[in-house]
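For reference, model_10.pdb is printed below; it contains PDB, C-alpha atoms and all ligand atoms.
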ATOM      1  CA  MET A  12     112.330 200.268 168.160  1.00  0.00           C
ATOM      2  CA  ILE A  13     113.165 196.974 169.776  1.00  0.00           C
ATOM      3  CA  CYS A  14     115.085 194.559 167.530  1.00  0.00           C
ATOM      4  CA  GLU A  15     116.662 191.525 169.145  1.00  0.00           C
ATOM      5  CA  THR A  16     118.140 188.590 167.226  1.00  0.00           C
ATOM      6  CA  PHE A  17     119.420 185.513 169.025  1.00  0.00           C
ATOM      7  CA  PRO A  18     120.158 181.905 167.988  1.00  0.00           C
ATOM      8  CA  VAL A  19     117.747 179.197 169.184  1.00  0.00           C
ATOM      9  CA  GLY A  20     117.800 175.418 169.205  1.00  0.00           C
ATOM     10  CA  PRO A  21     120.442 172.837 168.280  1.00  0.00           C
ATOM     11  CA  LEU A  22     120.942 174.311 164.790  1.00  0.00           C
ATOM     12  CA  GLN A  23     121.176 177.858 166.194  1.00  0.00           C
ATOM     13  CA  CYS A  24     118.535 179.406 163.957  1.00  0.00           C
ATOM     14  CA  ASN A  25     118.514 183.202 164.285  1.00  0.00           C
ATOM     15  CA  CYS A  26     115.169 184.208 165.824  1.00  0.00           C
ATOM     16  CA  THR A  27     114.236 187.896 165.732  1.00  0.00           C
ATOM     17  CA  ILE A  28     111.882 189.889 167.933  1.00  0.00           C
ATOM     18  CA  LEU A  29     110.911 193.221 166.388  1.00  0.00           C
ATOM     19  CA  GLY A  30     108.833 195.498 168.584  1.00  0.00           C
ATOM     20  CA  ASP A  31     107.415 199.003 168.709  1.00  0.00           C
ATOM     21  CA  GLU A  32     107.614 200.335 172.249  1.00  0.00           C
ATOM     22  CA  GLN A  33     105.101 203.113 171.387  1.00  0.00           C
ATOM     23  CA  THR A  34     102.304 200.687 170.527  1.00  0.00           C
ATOM     24  CA  GLY A  35     103.532 197.693 172.530  1.00  0.00           C
ATOM     25  CA  GLU A  36     103.202 195.458 169.466  1.00  0.00           C
ATOM     26  CA  ALA A  37     105.716 192.946 168.171  1.00  0.00           C
ATOM     27  CA  ILE A  38     106.410 190.344 165.540  1.00  0.00           C
ATOM     28  CA  VAL A  39     108.599 187.270 165.882  1.00  0.00           C
ATOM     29  CA  ILE A  40     110.460 185.820 162.909  1.00  0.00           C
ATOM     30  CA  ASP A  41     111.558 182.146 162.814  1.00  0.00           C
ATOM     31  CA  PRO A  42     110.749 180.849 166.316  1.00  0.00           C
ATOM     32  CA  GLY A  43     112.390 177.497 165.691  1.00  0.00           C
ATOM     33  CA  ASP A  44     112.916 176.511 169.329  1.00  0.00           C
ATOM     34  CA  GLU A  45     113.322 177.867 172.899  1.00  0.00           C
ATOM     35  CA  ILE A  46     109.754 179.165 172.887  1.00  0.00           C
ATOM     36  CA  SER A  47     109.582 179.764 176.644  1.00  0.00           C
ATOM     37  CA  ARG A  48     112.681 181.972 176.353  1.00  0.00           C
ATOM     38  CA  ILE A  49     111.115 183.934 173.464  1.00  0.00           C
ATOM     39  CA  HIS A  50     107.823 184.250 175.341  1.00  0.00           C
ATOM     40  CA  ARG A  51     109.578 185.396 178.527  1.00  0.00           C
ATOM     41  CA  ARG A  52     111.453 188.037 176.533  1.00  0.00           C
ATOM     42  CA  LEU A  53     108.231 189.345 174.941  1.00  0.00           C
ATOM     43  CA  THR A  54     106.661 189.546 178.400  1.00  0.00           C
ATOM     44  CA  ALA A  55     109.697 191.281 179.898  1.00  0.00           C
ATOM     45  CA  LEU A  56     109.612 193.868 177.115  1.00  0.00           C
ATOM     46  CA  GLY A  57     105.870 194.386 177.613  1.00  0.00           C
ATOM     47  CA  LEU A  58     105.128 193.426 174.001  1.00  0.00           C
ATOM     48  CA  THR A  59     101.978 191.865 172.529  1.00  0.00           C
ATOM     49  CA  LEU A  60     102.753 189.473 169.692  1.00  0.00           C
ATOM     50  CA  LYS A  61     100.802 190.248 166.501  1.00  0.00           C
ATOM     51  CA  GLN A  62     102.416 187.979 163.888  1.00  0.00           C
ATOM     52  CA  ILE A  63     104.626 184.884 163.745  1.00  0.00           C
ATOM     53  CA  LEU A  64     106.521 185.062 160.431  1.00  0.00           C
ATOM     54  CA  VAL A  65     108.348 181.973 159.163  1.00  0.00           C
ATOM     55  CA  THR A  66     110.898 182.321 156.344  1.00  0.00           C
ATOM     56  CA  HIS A  67     110.565 178.620 155.413  1.00  0.00           C
ATOM     57  CA  ALA A  68     109.276 175.403 156.932  1.00  0.00           C
ATOM     58  CA  HIS A  69     112.509 173.726 157.993  1.00  0.00           C
ATOM     59  CA  ILE A  70     112.263 172.423 161.542  1.00  0.00           C
ATOM     60  CA  ASP A  71     114.887 174.783 162.957  1.00  0.00           C
ATOM     61  CA  HIS A  72     112.851 177.798 161.764  1.00  0.00           C
ATOM     62  CA  ILE A  73     109.244 176.649 162.315  1.00  0.00           C
ATOM     63  CA  GLY A  74     109.589 174.026 165.065  1.00  0.00           C
ATOM     64  CA  GLY A  75     108.262 176.255 167.863  1.00  0.00           C
ATOM     65  CA  ALA A  76     105.777 178.338 165.887  1.00  0.00           C
ATOM     66  CA  LEU A  77     102.658 176.452 166.977  1.00  0.00           C
ATOM     67  CA  ARG A  78     103.692 176.544 170.654  1.00  0.00           C
ATOM     68  CA  LEU A  79     104.261 180.298 170.393  1.00  0.00           C
ATOM     69  CA  LYS A  80     100.879 180.710 168.717  1.00  0.00           C
ATOM     70  CA  ARG A  81      99.195 178.808 171.554  1.00  0.00           C
ATOM     71  CA  LEU A  82     100.892 181.015 174.146  1.00  0.00           C
ATOM     72  CA  THR A  83     100.107 184.319 172.444  1.00  0.00           C
ATOM     73  CA  GLY A  84      97.227 183.817 170.002  1.00  0.00           C
ATOM     74  CA  ALA A  85      99.300 185.345 167.196  1.00  0.00           C
ATOM     75  CA  PRO A  86      98.724 183.950 163.679  1.00  0.00           C
ATOM     76  CA  ILE A  87     101.422 182.024 161.810  1.00  0.00           C
ATOM     77  CA  PHE A  88     102.464 183.230 158.344  1.00  0.00           C
ATOM     78  CA  LEU A  89     104.170 180.872 155.864  1.00  0.00           C
ATOM     79  CA  ASN A  90     104.441 180.723 152.072  1.00  0.00           C
ATOM     80  CA  GLU A  91     102.098 177.996 150.845  1.00  0.00           C
ATOM     81  CA  ASN A  92     104.761 176.405 148.641  1.00  0.00           C
ATOM     82  CA  ASP A  93     106.375 175.124 151.838  1.00  0.00           C
ATOM     83  CA  LEU A  94     103.280 173.199 152.979  1.00  0.00           C
ATOM     84  CA  PRO A  95     104.891 169.937 151.724  1.00  0.00           C
ATOM     85  CA  GLN A  96     107.740 170.547 154.194  1.00  0.00           C
ATOM     86  CA  LEU A  97     105.254 170.254 157.066  1.00  0.00           C
ATOM     87  CA  ASP A  98     104.510 166.689 155.943  1.00  0.00           C
ATOM     88  CA  LEU A  99     108.238 165.943 156.223  1.00  0.00           C
ATOM     89  CA  MET A 100     108.505 167.139 159.836  1.00  0.00           C
ATOM     90  CA  GLN A 101     109.094 163.645 161.231  1.00  0.00           C
ATOM     91  CA  MET A 102     111.949 163.124 158.750  1.00  0.00           C
ATOM     92  CA  GLN A 103     113.349 166.570 159.483  1.00  0.00           C
ATOM     93  CA  ALA A 104     113.305 165.795 163.223  1.00  0.00           C
ATOM     94  CA  ALA A 105     115.072 162.476 162.613  1.00  0.00           C
ATOM     95  CA  TRP A 106     117.829 164.256 160.649  1.00  0.00           C
ATOM     96  CA  ILE A 107     118.837 166.274 163.692  1.00  0.00           C
ATOM     97  CA  GLY A 108     117.774 163.764 166.351  1.00  0.00           C
ATOM     98  CA  VAL A 109     115.056 165.723 168.132  1.00  0.00           C
ATOM     99  CA  PRO A 110     111.417 164.879 168.906  1.00  0.00           C
ATOM    100  CA  THR A 111     108.989 165.766 166.102  1.00  0.00           C
ATOM    101  CA  PRO A 112     107.381 169.124 166.938  1.00  0.00           C
ATOM    102  CA  GLU A 113     103.663 169.516 166.430  1.00  0.00           C
ATOM    103  CA  THR A 114     102.909 171.737 163.452  1.00  0.00           C
ATOM    104  CA  ALA A 115      99.731 172.999 161.809  1.00  0.00           C
ATOM    105  CA  PRO A 116      98.922 174.672 158.508  1.00  0.00           C
ATOM    106  CA  PRO A 117      99.642 178.423 158.635  1.00  0.00           C
ATOM    107  CA  ASP A 118      96.899 180.959 159.293  1.00  0.00           C
ATOM    108  CA  GLU A 119      98.136 183.255 156.542  1.00  0.00           C
ATOM    109  CA  THR A 120     100.374 182.966 153.509  1.00  0.00           C
ATOM    110  CA  LEU A 121     103.458 185.025 152.739  1.00  0.00           C
ATOM    111  CA  ALA A 122     103.043 185.864 149.061  1.00  0.00           C
ATOM    112  CA  ASP A 123     105.479 187.849 146.943  1.00  0.00           C
ATOM    113  CA  GLY A 124     104.870 191.564 147.385  1.00  0.00           C
ATOM    114  CA  GLN A 125     102.605 191.143 150.410  1.00  0.00           C
ATOM    115  CA  VAL A 126     103.212 193.634 153.217  1.00  0.00           C
ATOM    116  CA  VAL A 127     103.443 192.226 156.743  1.00  0.00           C
ATOM    117  CA  GLY A 128     104.974 193.372 160.025  1.00  0.00           C
ATOM    118  CA  LEU A 129     103.995 196.310 162.219  1.00  0.00           C
ATOM    119  CA  PRO A 130     102.360 199.550 160.987  1.00  0.00           C
ATOM    120  CA  SER A 131     105.501 201.434 162.022  1.00  0.00           C
ATOM    121  CA  TYR A 132     107.879 198.786 160.659  1.00  0.00           C
ATOM    122  CA  PRO A 133     106.294 197.192 157.581  1.00  0.00           C
ATOM    123  CA  ALA A 134     108.071 194.470 155.635  1.00  0.00           C
ATOM    124  CA  GLN A 135     107.630 193.481 152.024  1.00  0.00           C
ATOM    125  CA  VAL A 136     107.725 189.771 151.223  1.00  0.00           C
ATOM    126  CA  LEU A 137     110.333 188.811 148.618  1.00  0.00           C
ATOM    127  CA  TYR A 138     109.629 185.338 147.225  1.00  0.00           C
ATOM    128  CA  THR A 139     113.071 183.701 146.952  1.00  0.00           C
ATOM    129  CA  PRO A 140     112.661 179.963 146.215  1.00  0.00           C
ATOM    130  CA  GLY A 141     115.664 177.659 145.956  1.00  0.00           C
ATOM    131  CA  HIS A 142     116.587 176.594 149.492  1.00  0.00           C
ATOM    132  CA  THR A 143     112.991 175.367 149.647  1.00  0.00           C
ATOM    133  CA  GLN A 144     110.112 176.049 147.259  1.00  0.00           C
ATOM    134  CA  GLY A 145     108.428 178.311 149.818  1.00  0.00           C
ATOM    135  CA  SER A 146     111.448 180.292 151.006  1.00  0.00           C
ATOM    136  CA  ILE A 147     110.897 184.029 151.421  1.00  0.00           C
ATOM    137  CA  CYS A 148     112.896 187.020 152.643  1.00  0.00           C
ATOM    138  CA  LEU A 149     111.465 190.010 154.501  1.00  0.00           C
ATOM    139  CA  HIS A 150     112.575 193.488 153.442  1.00  0.00           C
ATOM    140  CA  PHE A 151     112.064 196.249 155.992  1.00  0.00           C
ATOM    141  CA  ALA A 152     112.833 199.170 153.668  1.00  0.00           C
ATOM    142  CA  ARG A 153     112.392 201.819 156.383  1.00  0.00           C
ATOM    143  CA  LEU A 154     114.928 199.985 158.534  1.00  0.00           C
ATOM    144  CA  ASN A 155     117.335 199.169 155.688  1.00  0.00           C
ATOM    145  CA  LEU A 156     117.039 195.588 156.896  1.00  0.00           C
ATOM    146  CA  LEU A 157     116.628 192.236 155.183  1.00  0.00           C
ATOM    147  CA  ILE A 158     115.689 189.083 157.071  1.00  0.00           C
ATOM    148  CA  ALA A 159     117.153 186.495 154.700  1.00  0.00           C
ATOM    149  CA  GLY A 160     116.169 183.113 156.159  1.00  0.00           C
ATOM    150  CA  ASP A 161     118.392 180.394 154.715  1.00  0.00           C
ATOM    151  CA  THR A 162     118.622 182.018 151.264  1.00  0.00           C
ATOM    152  CA  LEU A 163     121.705 184.212 151.814  1.00  0.00           C
ATOM    153  CA  PHE A 164     124.404 183.928 154.493  1.00  0.00           C
ATOM    154  CA  ALA A 165     127.543 185.943 155.167  1.00  0.00           C
ATOM    155  CA  GLY A 166     129.924 184.461 152.584  1.00  0.00           C
ATOM    156  CA  SER A 167     127.605 181.625 151.624  1.00  0.00           C
ATOM    157  CA  ILE A 168     124.142 180.651 150.403  1.00  0.00           C
ATOM    158  CA  GLY A 169     121.510 178.170 151.570  1.00  0.00           C
ATOM    159  CA  ARG A 170     121.973 174.466 150.901  1.00  0.00           C
ATOM    160  CA  THR A 171     119.916 173.037 148.074  1.00  0.00           C
ATOM    161  CA  ASP A 172     120.447 169.296 148.598  1.00  0.00           C
ATOM    162  CA  LEU A 173     117.350 168.807 150.769  1.00  0.00           C
ATOM    163  CA  PRO A 174     113.841 168.079 149.378  1.00  0.00           C
ATOM    164  CA  GLY A 175     112.560 171.100 147.445  1.00  0.00           C
ATOM    165  CA  GLY A 176     116.035 172.553 146.966  1.00  0.00           C
ATOM    166  CA  ASP A 177     117.170 173.896 143.575  1.00  0.00           C
ATOM    167  CA  SER A 178     120.665 175.338 143.143  1.00  0.00           C
ATOM    168  CA  ALA A 179     120.022 177.317 139.935  1.00  0.00           C
ATOM    169  CA  GLN A 180     116.843 178.728 141.446  1.00  0.00           C
ATOM    170  CA  ILE A 181     118.471 179.987 144.658  1.00  0.00           C
ATOM    171  CA  ILE A 182     121.170 181.803 142.675  1.00  0.00           C
ATOM    172  CA  ASP A 183     118.494 183.364 140.481  1.00  0.00           C
ATOM    173  CA  SER A 184     116.489 184.402 143.567  1.00  0.00           C
ATOM    174  CA  ILE A 185     119.519 186.048 145.154  1.00  0.00           C
ATOM    175  CA  GLU A 186     120.647 187.783 141.971  1.00  0.00           C
ATOM    176  CA  SER A 187     117.237 188.989 140.830  1.00  0.00           C
ATOM    177  CA  ARG A 188     115.652 189.879 144.191  1.00  0.00           C
ATOM    178  CA  LEU A 189     118.297 190.390 146.875  1.00  0.00           C
ATOM    179  CA  LEU A 190     121.104 192.000 144.887  1.00  0.00           C
ATOM    180  CA  ALA A 191     118.477 194.465 143.610  1.00  0.00           C
ATOM    181  CA  LEU A 192     118.454 195.973 147.120  1.00  0.00           C
ATOM    182  CA  PRO A 193     120.734 198.881 148.093  1.00  0.00           C
ATOM    183  CA  ASP A 194     124.306 197.970 149.109  1.00  0.00           C
ATOM    184  CA  GLU A 195     123.819 199.418 152.580  1.00  0.00           C
ATOM    185  CA  THR A 196     120.936 197.029 153.359  1.00  0.00           C
ATOM    186  CA  ARG A 197     121.787 195.133 156.546  1.00  0.00           C
ATOM    187  CA  VAL A 198     121.208 191.393 156.188  1.00  0.00           C
ATOM    188  CA  LEU A 199     120.241 189.142 159.095  1.00  0.00           C
ATOM    189  CA  PRO A 200     120.644 185.574 157.804  1.00  0.00           C
ATOM    190  CA  GLY A 201     118.902 182.526 159.242  1.00  0.00           C
ATOM    191  CA  HIS A 202     122.179 181.346 160.741  1.00  0.00           C
ATOM    192  CA  GLY A 203     125.474 183.007 161.614  1.00  0.00           C
ATOM    193  CA  PRO A 204     126.592 186.636 161.576  1.00  0.00           C
ATOM    194  CA  ALA A 205     124.947 189.658 159.987  1.00  0.00           C
ATOM    195  CA  THR A 206     126.245 191.085 156.713  1.00  0.00           C
ATOM    196  CA  THR A 207     125.208 193.637 154.082  1.00  0.00           C
ATOM    197  CA  ILE A 208     124.014 193.337 150.489  1.00  0.00           C
ATOM    198  CA  GLY A 209     127.088 195.282 149.353  1.00  0.00           C
ATOM    199  CA  ALA A 210     129.529 192.966 151.142  1.00  0.00           C
ATOM    200  CA  GLU A 211     127.878 189.871 149.646  1.00  0.00           C
ATOM    201  CA  ARG A 212     127.726 191.448 146.195  1.00  0.00           C
ATOM    202  CA  ARG A 213     131.492 192.056 146.347  1.00  0.00           C
ATOM    203  CA  THR A 214     132.795 188.987 148.175  1.00  0.00           C
ATOM    204  CA  ASN A 215     130.299 186.092 148.242  1.00  0.00           C
ATOM    205  CA  PRO A 216     132.071 183.274 146.341  1.00  0.00           C
ATOM    206  CA  TRP A 217     128.754 181.644 145.369  1.00  0.00           C
ATOM    207  CA  LEU A 218     127.650 184.608 143.288  1.00  0.00           C
ATOM    208  CA  THR A 219     128.889 185.010 139.754  1.00  0.00           C
ATOM    209  CA  PRO A 220     131.317 187.760 138.649  1.00  0.00           C
ATOM    210  CA  SER A 221     128.534 189.383 136.621  1.00  0.00           C
ATOM    211  CA  ASP A 222     126.986 190.369 139.951  1.00  0.00           C
ATOM    212  CA  LEU A 223     129.938 192.631 140.614  1.00  0.00           C
ATOM    213  CA  LYS A 224     129.172 196.220 139.900  1.00  0.00           C
TER     214      LYS A 224
HETATM  215 ZN    ZN B 301     116.516 175.823 156.093  1.00  0.00          ZN
END
Please express what this file holds, its structure, as structure tokens.
Ligand SMILES: [Zn+2]
Amino acid sequence: MICETFPVGPLQCNCTILGDEQTGEAIVIDPGDEISRIHRRLTALGLTLKQILVTHAHIDHIGGALRLKRLTGAPIFLNENDLPQLDLMQMQAAWIGVPTPETAPPDETLADGQVVGLPSYPAQVLYTPGHTQGSICLHFARLNLLIAGDTLFAGSIGRTDLPGGDSAQIIDSIESRLLALPDETRVLPGHGPATTIGAERRTNPWLTPSDLK
């Protein structure tokens, strides 16, 4: 298995390449920026991109998705409840002072319970609204791995003060969907260091004491 996570762009969004060296297939999660770097890496690893998976439609996560699609032909997956975020791309770009990236409607949705990823490394979609209305996490049960987008961070949670954010909803998403996962599940958040479900259950100050088990 090839699994490489590295921060891209001015907001340092964690982009992940997951590949199967047996089949030569790969997926990329959250290609927010630095698309030529991501494409070069795929080429160097000899991987063919099959899916572009986007945890939510904030610019730092989706900004490069269309460029990567044009380079590789891989379809873009996004939960449809984040389509309104695409209409806000110019405003999102202005917030961080970058040119507005070209975006397009996704080729496929990411619905709760849907299975995406590679045949050898499937991921189940967990619908976790709150940071945005279309935010999802990807659970790779065979890998004990959760790609958390901007829903859960090490010691923190996603901001809910942007359009589509809902603070009660993000807490409910984390408590009902993410804390249901085994403690040993490794969590790769959309920004910052990796953590585990167990560590967040015990120490995340944003989660209520009733989460402690
Ligand atoms: Zn975000």
If we count all atoms listed in the file and set the cut-off at 9 Å, which residues sit around region 60-71 of chain A, ignoring sequence neighbours fewer than 3 positions away in its own chain? Please answer as an MDAnalysis selection string. chainID A and resid 19:24 30 35:44 53 74:76 79:80 83:90 93:97 100 103:104 111:112 121 127:129 142:149 158:161 201
Would you write out those residues with C-alpha atoms, as an mmCIF file, in the coordinates of the input?
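Saved the output as out-v2.cif:
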data_model
loop_
_atom_site.group_PDB
_atom_site.id
_atom_site.type_symbol
_atom_site.label_atom_id
_atom_site.label_comp_id
_atom_site.auth_asym_id
_atom_site.auth_seq_id
_atom_site.Cartn_x
_atom_site.Cartn_y
_atom_site.Cartn_z
ATOM 1 C CA VAL A 19 117.747 179.197 169.184
ATOM 2 C CA GLY A 20 117.800 175.418 169.205
ATOM 3 C CA PRO A 21 120.442 172.837 168.280
ATOM 4 C CA LEU A 22 120.942 174.311 164.790
ATOM 5 C CA GLN A 23 121.176 177.858 166.194
ATOM 6 C CA CYS A 24 118.535 179.406 163.957
ATOM 7 C CA GLY A 30 108.833 195.498 168.584
ATOM 8 C CA GLY A 35 103.532 197.693 172.530
ATOM 9 C CA GLU A 36 103.202 195.458 169.466
ATOM 10 C CA ALA A 37 105.716 192.946 168.171
ATOM 11 C CA ILE A 38 106.410 190.344 165.540
ATOM 12 C CA VAL A 39 108.599 187.270 165.882
ATOM 13 C CA ILE A 40 110.460 185.820 162.909
ATOM 14 C CA ASP A 41 111.558 182.146 162.814
ATOM 15 C CA PRO A 42 110.749 180.849 166.316
ATOM 16 C CA GLY A 43 112.390 177.497 165.691
ATOM 17 C CA ASP A 44 112.916 176.511 169.329
ATOM 18 C CA LEU A 53 108.231 189.345 174.941
ATOM 19 C CA GLY A 74 109.589 174.026 165.065
ATOM 20 C CA GLY A 75 108.262 176.255 167.863
ATOM 21 C CA ALA A 76 105.777 178.338 165.887
ATOM 22 C CA LEU A 79 104.261 180.298 170.393
ATOM 23 C CA LYS A 80 100.879 180.710 168.717
ATOM 24 C CA THR A 83 100.107 184.319 172.444
ATOM 25 C CA GLY A 84 97.227 183.817 170.002
ATOM 26 C CA ALA A 85 99.300 185.345 167.196
ATOM 27 C CA PRO A 86 98.724 183.950 163.679
ATOM 28 C CA ILE A 87 101.422 182.024 161.810
ATOM 29 C CA PHE A 88 102.464 183.230 158.344
ATOM 30 C CA LEU A 89 104.170 180.872 155.864
ATOM 31 C CA ASN A 90 104.441 180.723 152.072
ATOM 32 C CA ASP A 93 106.375 175.124 151.838
ATOM 33 C CA LEU A 94 103.280 173.199 152.979
ATOM 34 C CA PRO A 95 104.891 169.937 151.724
ATOM 35 C CA GLN A 96 107.740 170.547 154.194
ATOM 36 C CA LEU A 97 105.254 170.254 157.066
ATOM 37 C CA MET A 100 108.505 167.139 159.836
ATOM 38 C CA GLN A 103 113.349 166.570 159.483
ATOM 39 C CA ALA A 104 113.305 165.795 163.223
ATOM 40 C CA THR A 111 108.989 165.766 166.102
ATOM 41 C CA PRO A 112 107.381 169.124 166.938
ATOM 42 C CA LEU A 121 103.458 185.025 152.739
ATOM 43 C CA VAL A 127 103.443 192.226 156.743
ATOM 44 C CA GLY A 128 104.974 193.372 160.025
ATOM 45 C CA LEU A 129 103.995 196.310 162.219
ATOM 46 C CA HIS A 142 116.587 176.594 149.492
ATOM 47 C CA THR A 143 112.991 175.367 149.647
ATOM 48 C CA GLN A 144 110.112 176.049 147.259
ATOM 49 C CA GLY A 145 108.428 178.311 149.818
ATOM 50 C CA SER A 146 111.448 180.292 151.006
ATOM 51 C CA ILE A 147 110.897 184.029 151.421
ATOM 52 C CA CYS A 148 112.896 187.020 152.643
ATOM 53 C CA LEU A 149 111.465 190.010 154.501
ATOM 54 C CA ILE A 158 115.689 189.083 157.071
ATOM 55 C CA ALA A 159 117.153 186.495 154.700
ATOM 56 C CA GLY A 160 116.169 183.113 156.159
ATOM 57 C CA ASP A 161 118.392 180.394 154.715
ATOM 58 C CA GLY A 201 118.902 182.526 159.242
#
Surrounding residues of Gln180 (chain A) excluding itself and chain neighbours under 6 positions, 9 Å, all atoms listed in the file, as JSON, numbers by chain: {"A": [139, 140, 141, 142]}
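For the atom pair formed by CA of Arg153 (chain A) and CA of Pro200 (chain A), the distance is 18.3 Å, given to one decimal.
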All residues 8 Å or closer to Leu77 (chain A), all atoms listed in the file, same chain fewer than 5 positions away omitted, as a PyMOL selection string: chain A and resi 87+113-115
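Across A:Ala105, A:Leu189, A:Leu99, A:Leu58, the tightest approach to Val136 (chain A) is made by A:Leu189 when counting all atoms listed in the file.
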Can you spell out as a ChimeraX atom specification the set of residues that the PyMOL selection byres (((chain A and resi 171) around 10) and not hetatm) selects in the structure I just provided? /A:141-143,162,168-170,172-181
